[in-house]
file final35.cif (mmCIF, C-alpha atoms)
data_upload
loop_
_atom_site.label_atom_id
_atom_site.label_comp_id
_atom_site.auth_asym_id
_atom_site.auth_seq_id
_atom_site.Cartn_x
_atom_site.Cartn_y
_atom_site.Cartn_z
CA MET D 13 10.33 45.22 6.72
CA LYS D 14 11.00 41.54 6.85
CA ALA D 15 7.84 40.92 8.80
CA ARG D 16 5.75 42.73 6.20
CA THR D 17 7.22 40.60 3.42
CA THR D 18 6.23 37.48 5.31
CA ILE D 19 2.68 38.73 5.77
CA ASN D 20 2.41 39.56 2.09
CA ARG D 21 3.60 36.10 1.15
CA ARG D 22 1.06 34.56 3.44
CA ARG D 23 -1.68 36.65 1.86
CA VAL D 24 -0.68 35.58 -1.62
CA LYS D 25 -0.65 31.94 -0.57
CA LYS D 26 -4.06 32.22 1.03
CA LYS D 27 -5.51 33.92 -2.04
CA ARG D 28 -4.12 31.24 -4.34
CA ARG D 29 -5.63 28.53 -2.20
CA ALA D 30 -9.03 30.15 -2.33
CA LEU D 31 -9.29 29.78 -6.11
CA LEU D 32 -10.40 26.84 -8.17
CA PRO D 33 -8.91 27.07 -11.64
CA GLU D 34 -11.34 28.79 -14.03
CA LYS D 35 -10.96 25.86 -16.39
CA GLN D 36 -12.58 23.61 -13.80
CA TRP D 37 -15.60 25.90 -13.40
CA ALA D 38 -16.31 25.55 -17.10
CA MET D 39 -15.81 21.76 -17.28
CA PRO D 40 -18.81 19.40 -17.44
CA ALA D 41 -19.63 18.15 -13.96
CA GLY D 42 -23.20 16.91 -14.19
CA PHE D 43 -26.43 16.96 -16.16
CA HIS D 44 -29.24 19.45 -16.27
CA SER D 45 -32.29 18.05 -14.54
CA ASP D 46 -34.22 17.80 -17.84
CA ASP D 47 -31.34 15.73 -19.32
CA SER D 48 -31.03 18.30 -22.12
CA ASP D 49 -27.28 18.69 -21.82
CA VAL D 50 -24.28 18.37 -19.56
CA ALA D 51 -23.97 21.00 -16.87
CA THR D 52 -20.75 22.77 -15.95
CA LEU D 53 -19.35 22.83 -12.43
CA ARG D 54 -20.56 26.40 -12.19
CA ASP D 55 -24.10 25.24 -13.01
CA VAL D 56 -23.91 22.30 -10.63
CA VAL D 57 -22.94 24.38 -7.60
CA ASP D 58 -25.34 27.18 -8.49
CA PRO D 59 -28.49 26.70 -6.37
CA ILE D 60 -30.61 28.45 -9.01
CA VAL D 61 -29.72 26.06 -11.85
CA PRO D 62 -31.58 22.72 -11.56
CA THR D 63 -29.14 19.87 -12.10
CA LYS D 64 -29.10 16.15 -11.38
CA GLN D 65 -27.01 14.72 -8.60
CA LEU D 66 -24.11 12.48 -9.62
CA SER D 67 -25.72 9.51 -7.94
CA ASP D 68 -28.86 9.97 -10.06
CA LEU D 69 -27.05 9.62 -13.38
CA THR D 70 -27.39 6.49 -15.48
CA LEU D 71 -24.26 4.57 -16.48
CA GLU D 72 -24.59 6.01 -19.98
CA GLN D 73 -24.77 9.54 -18.63
CA ARG D 74 -21.83 8.92 -16.32
CA ALA D 75 -19.77 7.63 -19.23
CA GLU D 76 -20.85 10.50 -21.48
CA LEU D 77 -19.91 13.02 -18.83
CA VAL D 78 -16.46 11.47 -18.36
CA VAL D 79 -15.80 11.27 -22.11
CA LYS D 80 -16.59 14.98 -22.41
CA ARG D 81 -14.27 15.78 -19.54
CA LEU D 82 -11.47 13.62 -20.95
CA GLU D 83 -11.83 15.23 -24.37
CA LEU D 84 -11.25 18.63 -22.83
CA GLN D 85 -7.96 17.55 -21.23
CA PRO D 86 -4.80 18.45 -23.15
CA SER D 87 -3.26 15.07 -22.23
CA ILE D 88 -3.69 12.18 -19.83
CA GLU D 89 -1.09 9.78 -18.54
CA LEU D 90 -1.94 7.11 -16.04
CA ALA D 91 -0.23 3.83 -15.21
CA MET D 92 -2.26 0.82 -14.14
CA VAL D 93 -0.46 -2.16 -12.63
CA GLY D 94 -2.35 -4.59 -14.77
CA ALA D 95 -3.71 -2.68 -17.73
CA GLY D 96 -0.49 -0.79 -18.46
CA MET D 97 -0.18 2.82 -19.60
CA VAL D 98 -3.33 4.75 -20.38
CA ASP D 99 -3.14 7.89 -22.53
CA LYS D 100 -5.94 10.21 -23.63
CA THR D 101 -6.93 8.22 -26.73
CA ARG D 102 -7.03 4.94 -24.84
CA ALA D 103 -8.85 6.49 -21.88
CA ILE D 104 -11.64 7.78 -24.12
CA ALA D 105 -11.89 4.47 -25.96
CA GLU D 106 -12.04 2.48 -22.70
CA VAL D 107 -14.74 4.69 -21.24
CA LYS D 108 -16.79 4.58 -24.43
CA ALA D 109 -16.55 0.78 -24.48
CA ARG D 110 -17.35 0.59 -20.71
CA THR D 111 -14.47 -1.79 -20.15
CA LYS D 112 -13.09 -2.54 -16.70
CA VAL D 113 -10.44 0.15 -17.19
CA GLY D 114 -13.14 2.49 -18.49
CA ARG D 115 -15.31 1.92 -15.43
CA LEU D 116 -12.37 2.68 -13.17
CA LEU D 117 -11.67 5.88 -15.09
CA ILE D 118 -15.33 6.82 -14.63
CA GLU D 119 -14.93 6.26 -10.89
CA ILE D 120 -11.78 8.41 -10.77
CA GLU D 121 -13.39 11.25 -12.72
CA HIS D 122 -16.48 11.12 -10.54
CA GLN D 123 -14.30 11.31 -7.45
CA MET D 124 -12.69 14.34 -9.07
CA ILE D 125 -16.11 15.96 -9.61
CA ARG D 126 -17.09 15.22 -6.01
CA ASN D 127 -13.85 16.85 -4.84
CA LEU D 128 -14.42 19.88 -7.06
CA MET D 129 -17.93 20.31 -5.72
CA GLU D 130 -16.71 19.92 -2.16
CA GLN D 131 -14.01 22.54 -2.73
CA ALA D 132 -16.39 24.88 -4.52
CA GLN D 133 -18.98 24.64 -1.77
CA LYS D 134 -16.35 25.03 0.93
CA ARG D 135 -15.08 28.15 -0.74
CA ALA D 136 -18.53 29.48 -1.44
CA GLY D 137 -19.30 29.16 2.25
CA GLY D 138 -15.98 30.59 3.36
CA ASN D 139 -15.64 33.42 0.89
CA ARG D 140 -18.92 34.15 -0.85
CA ARG D 141 -17.81 37.65 -1.74
CA THR D 142 -14.81 36.45 -3.74
CA ARG D 143 -16.90 33.93 -5.63
CA SER D 144 -19.61 36.34 -6.66
CA ALA D 145 -16.96 38.78 -7.87
CA ARG D 146 -15.46 36.03 -9.98
CA LYS D 147 -18.86 35.06 -11.36
CA VAL D 148 -19.62 38.59 -12.49
CA GLY D 149 -16.38 39.67 -14.01
CA GLY D 150 -13.55 37.26 -13.49
CA ARG D 151 -12.13 34.77 -15.92
CA LYS D 152 -8.90 34.45 -14.08
CA ASN D 153 -6.63 31.46 -14.06
CA MET Y 206 34.80 -29.25 44.60
CA PHE Y 207 31.62 -30.25 42.84
CA SER Y 208 30.38 -26.75 42.96
CA ALA Y 209 33.58 -25.42 41.44
CA GLU Y 210 33.44 -27.93 38.58
CA ARG Y 211 29.87 -27.02 38.00
CA LYS Y 212 30.66 -23.35 37.84
CA LYS Y 213 33.41 -24.06 35.36
CA ALA Y 214 31.06 -26.00 33.11
CA ASP Y 215 28.43 -23.31 33.24
CA SER Y 216 30.83 -20.53 32.48
CA SER Y 217 32.14 -22.36 29.39
CA GLN Y 218 28.60 -22.75 28.16
CA LEU Y 219 27.90 -19.11 28.74
CA THR Y 220 31.04 -18.15 26.86
CA LEU Y 221 29.92 -20.25 23.92
CA THR Y 222 26.55 -18.64 23.86
CA TRP Y 223 28.08 -15.19 23.97
CA PHE Y 224 30.50 -16.15 21.21
CA ASN Y 225 27.71 -17.28 18.95
CA ARG Y 226 25.67 -14.18 19.51
CA THR Y 227 28.62 -11.94 18.84
CA LEU Y 228 29.53 -13.61 15.59
CA MET Y 229 25.99 -14.01 14.34
CA PRO Y 230 24.63 -11.03 12.40
CA PRO Y 231 21.66 -9.42 14.13
CA LYS Y 232 19.01 -11.36 12.25
CA LYS Y 233 15.37 -11.28 13.19
CA SER Y 234 14.48 -14.52 14.85
CA ILE Y 235 11.45 -16.39 13.62
CA THR Y 236 9.72 -15.63 16.88
CA GLY Y 237 10.39 -12.00 16.27
CA LYS Y 238 11.93 -11.54 19.69
CA LYS Y 239 15.47 -10.38 20.08
CA PRO Y 240 17.65 -12.91 21.86
CA SER Y 241 17.63 -12.26 25.57
CA LYS Y 242 20.70 -10.62 26.97
CA LYS Y 243 20.30 -12.54 30.20
CA PRO Y 244 22.52 -15.58 30.53
CA ALA Y 245 20.79 -18.91 30.08
CA LYS Y 246 19.41 -20.50 33.22
CA LYS Y 247 21.75 -22.97 34.76
CA PRO Y 248 20.23 -26.26 33.75
CA GLY Y 249 19.29 -28.62 36.51
CA LYS Y 250 20.37 -26.33 39.28
CA LYS Y 251 17.48 -24.94 41.20
CA PRO Y 252 17.80 -23.33 44.60
CA GLY Y 253 17.10 -25.79 47.36
CA LYS Y 254 17.19 -28.84 45.15
CA LYS Y 255 19.23 -31.64 46.61
CA PRO Y 256 21.50 -33.93 44.66
CA GLY Y 257 20.19 -37.43 43.87
CA LYS Y 258 20.60 -40.47 46.06
CA THR Y 259 23.81 -41.57 44.44
CA GLY Y 260 25.35 -38.20 45.03
CA LYS Y 261 26.39 -37.98 41.41
CA LYS Y 262 25.04 -35.09 39.51
CA LYS Y 263 23.94 -35.71 35.95
CA PRO Y 264 25.89 -33.61 33.46
CA PRO Y 265 23.90 -30.62 32.37
CA PRO Y 266 22.03 -31.27 29.14
CA LYS Y 267 23.64 -29.59 26.19
CA THR Y 268 21.42 -26.96 24.75
CA VAL Y 269 21.56 -25.82 21.17
CA ASN Y 270 20.02 -22.53 20.29
CA VAL Y 271 18.62 -22.67 16.79
CA THR Y 272 17.74 -19.28 15.47
CA MET Y 273 15.95 -19.30 12.14
CA GLU Y 274 16.25 -16.09 10.30
CA ALA Y 275 12.97 -14.53 9.24
CA VAL Y 276 12.97 -14.17 5.48
CA VAL Y 277 11.10 -11.68 3.33
CA LEU Y 278 10.66 -12.98 -0.20
CA ALA Y 279 10.72 -10.09 -2.68
CA ILE Y 280 9.05 -11.04 -5.96
CA ASP Y 281 9.21 -8.09 -8.33
CA ALA Y 282 8.56 -7.76 -12.02
CA ASN Y 283 10.37 -4.92 -13.78
CA PHE Y 284 10.03 -5.70 -17.48
CA ASP Y 285 7.88 -2.69 -18.40
CA PRO Y 286 7.62 0.95 -17.30
CA VAL Y 287 4.53 0.31 -15.18
CA THR Y 288 6.35 -2.22 -12.98
CA ARG Y 289 9.88 -0.79 -13.29
CA ALA Y 290 9.05 2.43 -11.44
CA PRO Y 291 7.58 0.73 -8.35
CA PHE Y 292 10.34 -1.91 -8.47
CA GLU Y 293 13.00 0.80 -8.29
CA TYR Y 294 11.16 2.53 -5.47
CA ARG Y 295 10.85 -0.69 -3.47
CA GLU Y 296 14.45 -1.64 -4.08
CA LYS Y 297 15.56 1.73 -2.75
CA ASN Y 298 13.07 2.25 0.07
CA VAL Y 299 11.30 -0.94 1.10
CA TYR Y 300 13.82 -3.81 1.16
CA PRO Y 301 16.57 -1.83 2.91
CA TYR Y 302 14.00 -1.03 5.60
CA PHE Y 303 13.29 -4.73 6.15
CA GLU Y 304 17.03 -5.41 6.33
CA LYS Y 305 17.47 -2.58 8.80
CA GLN Y 306 14.76 -4.17 10.94
CA GLY Y 307 16.69 -7.45 11.01
CA PHE Y 308 14.95 -9.43 8.28
CA THR Y 309 16.75 -11.27 5.53
CA VAL Y 310 15.48 -10.31 2.09
CA VAL Y 311 15.63 -12.96 -0.62
CA ARG Y 312 15.12 -11.42 -4.02
CA ARG Y 313 13.43 -13.01 -7.00
CA GLN Y 314 13.24 -10.01 -9.26
CA GLY Y 315 13.36 -9.23 -12.95
CA ALA Y 316 14.20 -12.36 -14.92
CA SER Y 317 14.13 -14.38 -11.66
CA ALA Y 318 10.55 -13.41 -10.95
CA ARG Y 319 9.26 -16.65 -12.42
CA ARG Y 320 7.30 -19.44 -10.78
CA ALA Y 321 10.14 -21.95 -11.25
CA GLU Y 322 12.43 -19.81 -9.09
CA VAL Y 323 9.90 -18.37 -6.66
CA ALA Y 324 7.94 -21.48 -5.62
CA PRO Y 325 10.88 -23.40 -4.01
CA GLU Y 326 11.76 -20.31 -1.96
CA ALA Y 327 8.16 -19.62 -0.97
CA ARG Y 328 7.82 -23.16 0.40
CA LYS Y 329 10.58 -22.62 2.96
CA PRO Y 330 9.16 -22.33 6.47
CA ASN Y 331 11.42 -19.43 7.41
CA VAL Y 332 9.86 -17.27 4.69
CA VAL Y 333 7.41 -15.21 6.70
CA TYR Y 334 6.46 -12.48 4.25
CA LEU Y 335 5.78 -12.47 0.52
CA THR Y 336 5.75 -9.14 -1.23
CA GLY Y 337 6.46 -7.45 -4.54
CA VAL Y 338 5.13 -5.59 -7.52
CA GLY Y 339 3.78 -7.31 -10.59
CA HIS Y 340 0.86 -7.30 -12.94
CA GLY Y 341 -2.11 -8.98 -11.41
CA PHE Y 342 -5.44 -10.49 -12.28
CA PRO Y 343 -8.25 -11.62 -10.00
CA GLU Y 344 -6.91 -15.17 -9.98
CA SER Y 345 -3.16 -14.68 -10.33
CA TYR Y 346 -0.08 -12.66 -9.52
CA THR Y 347 2.46 -12.53 -12.32
CA GLY Y 348 6.16 -11.85 -12.58
CA ASP Y 349 8.57 -11.46 -15.45
CA ASN Y 350 6.74 -11.07 -18.76
CA LEU Y 351 3.45 -12.00 -17.10
CA ASP Y 352 4.72 -15.41 -15.96
CA PRO Y 353 1.99 -16.61 -13.56
CA ILE Y 354 3.71 -17.06 -10.20
CA PHE Y 355 0.76 -17.68 -7.94
CA SER Y 356 -2.48 -18.73 -9.61
CA ARG Y 357 -5.55 -19.86 -7.74
CA GLY Y 358 -5.51 -23.64 -7.56
CA HIS Y 359 -1.99 -23.91 -8.98
CA TYR Y 360 0.23 -23.47 -5.96
CA SER Y 361 1.01 -25.62 -2.98
CA ALA Y 362 -0.41 -24.72 0.43
CA LYS Y 363 3.16 -24.61 1.73
CA GLU Y 364 3.68 -21.45 -0.31
CA SER Y 365 1.07 -19.57 1.68
CA GLN Y 366 0.92 -21.45 4.99
CA GLY Y 367 1.71 -19.18 7.94
CA LYS Y 368 2.81 -16.27 5.78
CA ILE Y 369 1.73 -12.66 5.45
CA VAL Y 370 1.36 -11.44 1.88
CA HIS Y 371 1.30 -7.99 0.27
CA PHE Y 372 1.35 -7.49 -3.48
CA LEU Y 373 1.36 -4.12 -5.21
CA SER Y 374 -0.65 -5.49 -8.05
CA CYS Y 375 -4.01 -5.14 -9.68
CA GLU Y 376 -7.07 -7.16 -8.78
CA THR Y 377 -5.41 -9.98 -6.83
CA ALA Y 378 -7.52 -9.22 -3.78
CA ALA Y 379 -10.59 -10.20 -5.79
CA GLY Y 380 -9.66 -13.90 -5.90
CA LEU Y 381 -6.08 -14.86 -5.19
CA GLY Y 382 -6.02 -13.13 -1.79
CA PRO Y 383 -8.95 -15.05 -0.29
CA SER Y 384 -7.54 -18.23 -1.88
CA PHE Y 385 -4.22 -17.66 -0.09
CA VAL Y 386 -6.05 -17.14 3.21
CA THR Y 387 -8.03 -20.36 2.70
CA ASN Y 388 -4.66 -22.07 2.29
CA GLY Y 389 -3.21 -20.83 5.56
CA CYS Y 390 -1.99 -17.33 4.71
CA ARG Y 391 -2.31 -15.26 7.89
CA ALA Y 392 -3.02 -11.89 6.29
CA TYR Y 393 -3.38 -10.65 2.73
CA PHE Y 394 -3.01 -7.03 1.58
CA GLY Y 395 -3.79 -6.20 -2.04
CA TYR Y 396 -6.11 -4.35 -4.39
CA SER Y 397 -9.47 -5.48 -5.73
CA ASP Y 398 -9.13 -3.57 -9.03
CA GLU Y 399 -6.48 -1.72 -11.07
CA PHE Y 400 -3.94 0.10 -8.88
CA THR Y 401 -3.55 3.37 -10.74
CA TYR Y 402 -0.85 6.00 -10.45
CA PRO Y 403 0.12 9.09 -12.40
CA PRO Y 404 3.79 8.61 -13.42
CA ALA Y 405 4.55 12.24 -12.51
CA LEU Y 406 3.61 11.59 -8.88
CA ALA Y 407 4.50 7.92 -8.71
CA GLU Y 408 6.63 8.10 -5.55
CA VAL Y 409 3.73 9.40 -3.46
CA PHE Y 410 1.60 6.44 -4.54
CA PHE Y 411 4.36 3.91 -3.87
CA GLU Y 412 5.05 5.51 -0.52
CA CYS Y 413 1.41 5.06 0.49
CA ASP Y 414 1.35 1.45 -0.64
CA SER Y 415 4.67 0.53 0.96
CA GLU Y 416 3.46 1.78 4.32
CA ILE Y 417 2.05 -1.76 4.47
CA ASP Y 418 5.57 -3.20 4.31
CA ARG Y 419 7.00 -0.70 6.77
CA GLY Y 420 4.17 -1.39 9.20
CA PHE Y 421 4.79 -5.13 9.17
CA ALA Y 422 8.56 -4.61 9.37
CA ASP Y 423 7.90 -2.55 12.50
CA GLY Y 424 6.06 -5.50 14.05
CA LEU Y 425 2.53 -4.08 13.89
CA THR Y 426 -0.61 -6.17 13.64
CA ALA Y 427 -2.55 -6.21 10.34
CA ASP Y 428 -5.15 -3.90 11.87
CA LYS Y 429 -2.55 -1.37 13.00
CA VAL Y 430 -0.81 -1.60 9.64
CA PHE Y 431 -4.08 -0.77 7.91
CA GLU Y 432 -4.59 2.21 10.22
CA ARG Y 433 -1.14 3.51 9.35
CA VAL Y 434 -1.69 3.02 5.62
CA LEU Y 435 -4.99 4.86 5.84
CA ALA Y 436 -3.30 7.76 7.64
CA ARG Y 437 -0.51 7.91 5.05
CA PHE Y 438 -2.98 7.97 2.15
CA GLN Y 439 -5.10 10.58 3.91
CA LYS Y 440 -2.11 12.81 4.60
CA HIS Y 441 -1.26 12.96 0.90
CA ILE Y 442 -4.90 13.30 -0.16
CA ASP Y 443 -5.38 16.29 2.15
CA ARG Y 444 -2.12 17.87 1.04
CA LEU Y 445 -2.98 17.53 -2.65
CA LYS Y 446 -6.48 18.87 -2.11
CA SER Y 447 -5.19 21.92 -0.30
CA THR Y 448 -3.06 23.28 -3.14
CA GLY Y 449 -6.04 24.45 -5.21
CA ASP Y 450 -4.43 23.05 -8.35
CA GLY Y 451 -6.63 21.06 -10.71
CA GLY Y 452 -3.89 18.51 -11.41
CA ASP Y 453 -3.28 17.94 -7.71
CA LEU Y 454 -6.99 17.52 -7.12
CA PHE Y 455 -7.10 14.89 -9.84
CA ASN Y 456 -4.14 13.06 -8.28
CA ALA Y 457 -5.90 13.20 -4.90
CA SER Y 458 -8.93 11.62 -6.58
CA VAL Y 459 -6.78 8.78 -7.96
CA LEU Y 460 -5.32 8.20 -4.49
CA GLU Y 461 -8.80 8.10 -2.98
CA VAL Y 462 -9.91 5.48 -5.51
CA ASP Y 463 -6.77 3.38 -4.90
CA LEU Y 464 -7.40 3.51 -1.16
CA ARG Y 465 -10.97 2.38 -1.73
CA LEU Y 466 -9.66 -0.67 -3.61
CA LEU Y 467 -7.25 -1.73 -0.87
CA ARG Y 468 -8.23 -4.96 0.86
CA ALA Y 469 -6.83 -6.23 4.14
CA PRO Y 470 -8.00 -8.27 7.13
CA THR Y 471 -9.67 -5.09 8.38
CA SER Y 472 -11.91 -5.27 5.28
CA GLY Y 473 -13.10 -8.79 6.02
CA ALA Y 474 -12.18 -12.20 7.39
CA GLU Y 475 -11.50 -13.49 3.86
CA TYR Y 476 -8.28 -11.46 3.98
CA GLY Y 477 -7.02 -13.09 7.15
CA ASP Y 478 -6.44 -12.40 10.78
CA ARG Y 479 -6.59 -8.78 11.91
CA LYS Y 480 -4.10 -9.54 14.67
CA ALA Y 481 -1.54 -11.23 12.41
CA LYS Y 482 1.93 -9.76 12.62
CA LEU Y 483 5.44 -10.77 11.72
CA GLY Y 484 7.12 -12.53 14.55
CA ASP Y 485 4.23 -14.42 16.16
CA VAL Y 486 4.40 -17.61 14.10
#

call {"tool": "encode", "arguments": {"input": "final35.cif", "output": "structure tokens"}}
result
Amino acid sequence: MKARTTINRRRVKKKRRALLPEKQWAMPAGFHSDDSDVATLRDVVDPIVPTKQLSDLTLEQRAELVVKRLELQPSIELAMVGAGMVDKTRAIAEVKARTKVGRLLIEIEHQMIRNLMEQAQKRAGGNRRTRSARKVGGRKN
Amino acid sequence: MFSAERKKADSSQLTLTWFNRTLMPPKKSITGKKPSKKPAKKPGKKPGKKPGKTGKKKPPPKTVNVTMEAVVLAIDANFDPVTRAPFEYREKNVYPYFEKQGFTVVRRQGASARRAEVAPEARKPNVVYLTGVGHGFPESYTGDNLDPIFSRGHYSAKESQGKIVHFLSCETAAGLGPSFVTNGCRAYFGYSDEFTYPPALAEVFFECDSEIDRGFADGLTADKVFERVLARFQKHIDRLKSTGDGGDLFNASVLEVDLRLLRAPTSGAEYGDRKAKLGDV
């Protein structure tokens, strides 16, 4: 009985690890290749949807992408040993003004996008069945 | 008879040495080596050596062991929330570690983290390591209420000569660090841009940064310290990435950017000697 409980727990843990939060799939993570609009993470990792690579974006596009991502966050709180505390309003203002703090925030958000893509691709490779199921019906998490 | 007198003299000297060692607290010597447990060599008495022509033996030269304690100078600002959190972490986790390893920690923190109080301490030759948290700029490291403690071109070479420096501070590696090294600093660890941390996960970030201090306290070379810091950062990055939580992934991203900003002798010769370590002055 005990052993079964342990197995179940393990399964639950594994399943939770295999998911990227739905919110992240719908967040802007790039640009469509015709520059018409920002592309979501789902678009970016979808081989059928043509999107630009992060490294191909102009500084303006990078900033625009980050501003859109920041605006979708409920709140932001970061401490910088130099610039002080950065909340959501300040973060957006710094990125828009392309200040030193803003450029660092752009770098952090881009690292975040790279990590999301890495995780999404890893999971797509490891569990393609789960992903396609989520794409069709699921809006979990 | 002579031999007996000699033995007596030697044994009194040995007793004195033992007495000093027992009463002295176990401080780290400036050479970094623990005092040898072996008794001192008997001066002037070598096997097979004959006494001089006169037959009189010169009295053994009196030896004085001078052990300079190795001092860590802790320069920490704590006047705002951004510096207070790392200050409290360092006070609890970093400085006790140095003390445990035999170093003496001299603190210039809070209201004492001002150039007027730090500079005279930093000039002392037994200060082997400068560290702390404070707001930073490419050309300066600041203390209480942004008082500039070390600014490029406004400090004496004695303040950096022969020392190893690590500041948890923004941007100092962009200018002040190389300036320190030009002025005799043996190794400089710092960040080339804003060191960023999410307050909710602050301890993880401070733990990664203070691996620098622990590495040096353990007697590692700058290169080995950097390796250990890298491993500590990577451990937390991997752990945060594995949870599948969006917030954790963001924190992992911040850690990755901080790590990218870290500068050390491993990054380039302008940050000092890769083989520098505490104890080999």

call {"tool": "residues_around", "arguments": {"input": "final35.cif", "residues": "stretch 112-126 of chain D", "least_positions_apart": "3", "cutoff": "8 Å", "atoms": "only C-alpha atoms", "output": "list in words"}}
result
Ala41, Leu66, Arg74, Ala75, Val78, Ala95, Ala103, Ile104, Ala105, Glu106, Val107, Lys108, Ala109, Met129 and Glu130 of chain D; Glu399, Leu454, Phe455, Ser458, Val459, Glu461 and Val462 of chain Y

call {"tool": "resolve_selection", "arguments": {"input": "final35.cif", "expression": "the PyMOL selection byres ((chain D) within 6 of (chain Y))", "output": "short mmCIF file (atom, residue, chain, number, x, y, z; two decimals) with C-alpha atoms, in the frame of the given file"}}
result
data_model
loop_
_atom_site.label_atom_id
_atom_site.label_comp_id
_atom_site.auth_asym_id
_atom_site.auth_seq_id
_atom_site.Cartn_x
_atom_site.Cartn_y
_atom_site.Cartn_z
CA ARG D 29 -5.63 28.53 -2.20
CA LEU D 32 -10.40 26.84 -8.17
CA LEU D 90 -1.94 7.11 -16.04
CA ALA D 91 -0.23 3.83 -15.21
CA MET D 92 -2.26 0.82 -14.14
CA VAL D 93 -0.46 -2.16 -12.63
CA GLY D 94 -2.35 -4.59 -14.77
CA ILE D 120 -11.78 8.41 -10.77
CA GLN D 123 -14.30 11.31 -7.45
CA MET D 124 -12.69 14.34 -9.07
#

call {"tool": "residues_around", "arguments": {"input": "final35.cif", "residues": "stretch 56-64 of chain D", "least_positions_apart": "6", "cutoff": "6 Å", "atoms": "all atoms listed in the file", "output": "list in words"}}
result
Phe43, His44 and Ser45 of chain D

call {"tool": "residues_around", "arguments": {"input": "final35.cif", "residues": "Y:Val311", "least_positions_apart": "6", "cutoff": "12 Å", "atoms": "all atoms listed in the file", "output": "list in words"}}
result
Glu274, Ala275, Val276, Val277, Leu278, Ala279, Ile280, Asp281, Glu296, Tyr300, Pro301, Phe303, Glu304, Ser317, Ala318, Glu322, Val323, Pro325, Glu326, Ala327, Lys329, Asn331, Val332, Val333, Tyr334, Leu335, Thr336 and Gly337 of chain Y

call {"tool": "resolve_selection", "arguments": {"input": "final35.cif", "expression": "the PyMOL selection byres ((chain Y and resi 426) around 12)", "output": "mmCIF file with C-alpha atoms, keeping the file's coordinate frame"}}
result
data_model
loop_
_atom_site.group_PDB
_atom_site.id
_atom_site.type_symbol
_atom_site.label_atom_id
_atom_site.label_comp_id
_atom_site.auth_asym_id
_atom_site.auth_seq_id
_atom_site.Cartn_x
_atom_site.Cartn_y
_atom_site.Cartn_z
ATOM 1 C CA ILE Y 369 1.730 -12.660 5.450
ATOM 2 C CA ARG Y 391 -2.310 -15.260 7.890
ATOM 3 C CA ALA Y 392 -3.020 -11.890 6.290
ATOM 4 C CA ILE Y 417 2.050 -1.760 4.470
ATOM 5 C CA ASP Y 418 5.570 -3.200 4.310
ATOM 6 C CA ARG Y 419 7.000 -0.700 6.770
ATOM 7 C CA GLY Y 420 4.170 -1.390 9.200
ATOM 8 C CA PHE Y 421 4.790 -5.130 9.170
ATOM 9 C CA ALA Y 422 8.560 -4.610 9.370
ATOM 10 C CA ASP Y 423 7.900 -2.550 12.500
ATOM 11 C CA GLY Y 424 6.060 -5.500 14.050
ATOM 12 C CA LEU Y 425 2.530 -4.080 13.890
ATOM 13 C CA ALA Y 427 -2.550 -6.210 10.340
ATOM 14 C CA ASP Y 428 -5.150 -3.900 11.870
ATOM 15 C CA LYS Y 429 -2.550 -1.370 13.000
ATOM 16 C CA VAL Y 430 -0.810 -1.600 9.640
ATOM 17 C CA PHE Y 431 -4.080 -0.770 7.910
ATOM 18 C CA GLU Y 432 -4.590 2.210 10.220
ATOM 19 C CA ARG Y 433 -1.140 3.510 9.350
ATOM 20 C CA ALA Y 469 -6.830 -6.230 4.140
ATOM 21 C CA PRO Y 470 -8.000 -8.270 7.130
ATOM 22 C CA THR Y 471 -9.670 -5.090 8.380
ATOM 23 C CA GLY Y 477 -7.020 -13.090 7.150
ATOM 24 C CA ASP Y 478 -6.440 -12.400 10.780
ATOM 25 C CA ARG Y 479 -6.590 -8.780 11.910
ATOM 26 C CA LYS Y 480 -4.100 -9.540 14.670
ATOM 27 C CA ALA Y 481 -1.540 -11.230 12.410
ATOM 28 C CA LYS Y 482 1.930 -9.760 12.620
ATOM 29 C CA LEU Y 483 5.440 -10.770 11.720
ATOM 30 C CA GLY Y 484 7.120 -12.530 14.550
ATOM 31 C CA ASP Y 485 4.230 -14.420 16.160
#

call {"tool": "atom_distance", "arguments": {"input": "final35.cif", "atom1": "atom CA of D:Gly96", "atom2": "atom CA of Y:Leu467"}}
result
18.9 Å

call {"tool": "atom_distance", "arguments": {"input": "final35.cif", "atom1": "atom CA of D:Arg135", "atom2": "atom CA of Y:Asp443"}}
result
15.6 Å

call {"tool": "resolve_selection", "arguments": {"input": "final35.cif", "expression": "the PyMOL selection byres ((chain Y and resi 362) around 12)", "output": "short mmCIF file (atom, residue, chain, number, x, y, z; two decimals) with C-alpha atoms, keeping the file's coordinate frame"}}
result
data_model
loop_
_atom_site.label_atom_id
_atom_site.label_comp_id
_atom_site.auth_asym_id
_atom_site.auth_seq_id
_atom_site.Cartn_x
_atom_site.Cartn_y
_atom_site.Cartn_z
CA ALA Y 324 7.94 -21.48 -5.62
CA ALA Y 327 8.16 -19.62 -0.97
CA ARG Y 328 7.82 -23.16 0.40
CA LYS Y 329 10.58 -22.62 2.96
CA PRO Y 330 9.16 -22.33 6.47
CA PHE Y 355 0.76 -17.68 -7.94
CA SER Y 356 -2.48 -18.73 -9.61
CA ARG Y 357 -5.55 -19.86 -7.74
CA GLY Y 358 -5.51 -23.64 -7.56
CA HIS Y 359 -1.99 -23.91 -8.98
CA TYR Y 360 0.23 -23.47 -5.96
CA SER Y 361 1.01 -25.62 -2.98
CA LYS Y 363 3.16 -24.61 1.73
CA GLU Y 364 3.68 -21.45 -0.31
CA SER Y 365 1.07 -19.57 1.68
CA GLN Y 366 0.92 -21.45 4.99
CA GLY Y 367 1.71 -19.18 7.94
CA LYS Y 368 2.81 -16.27 5.78
CA SER Y 384 -7.54 -18.23 -1.88
CA PHE Y 385 -4.22 -17.66 -0.09
CA VAL Y 386 -6.05 -17.14 3.21
CA THR Y 387 -8.03 -20.36 2.70
CA ASN Y 388 -4.66 -22.07 2.29
CA GLY Y 389 -3.21 -20.83 5.56
CA CYS Y 390 -1.99 -17.33 4.71
#
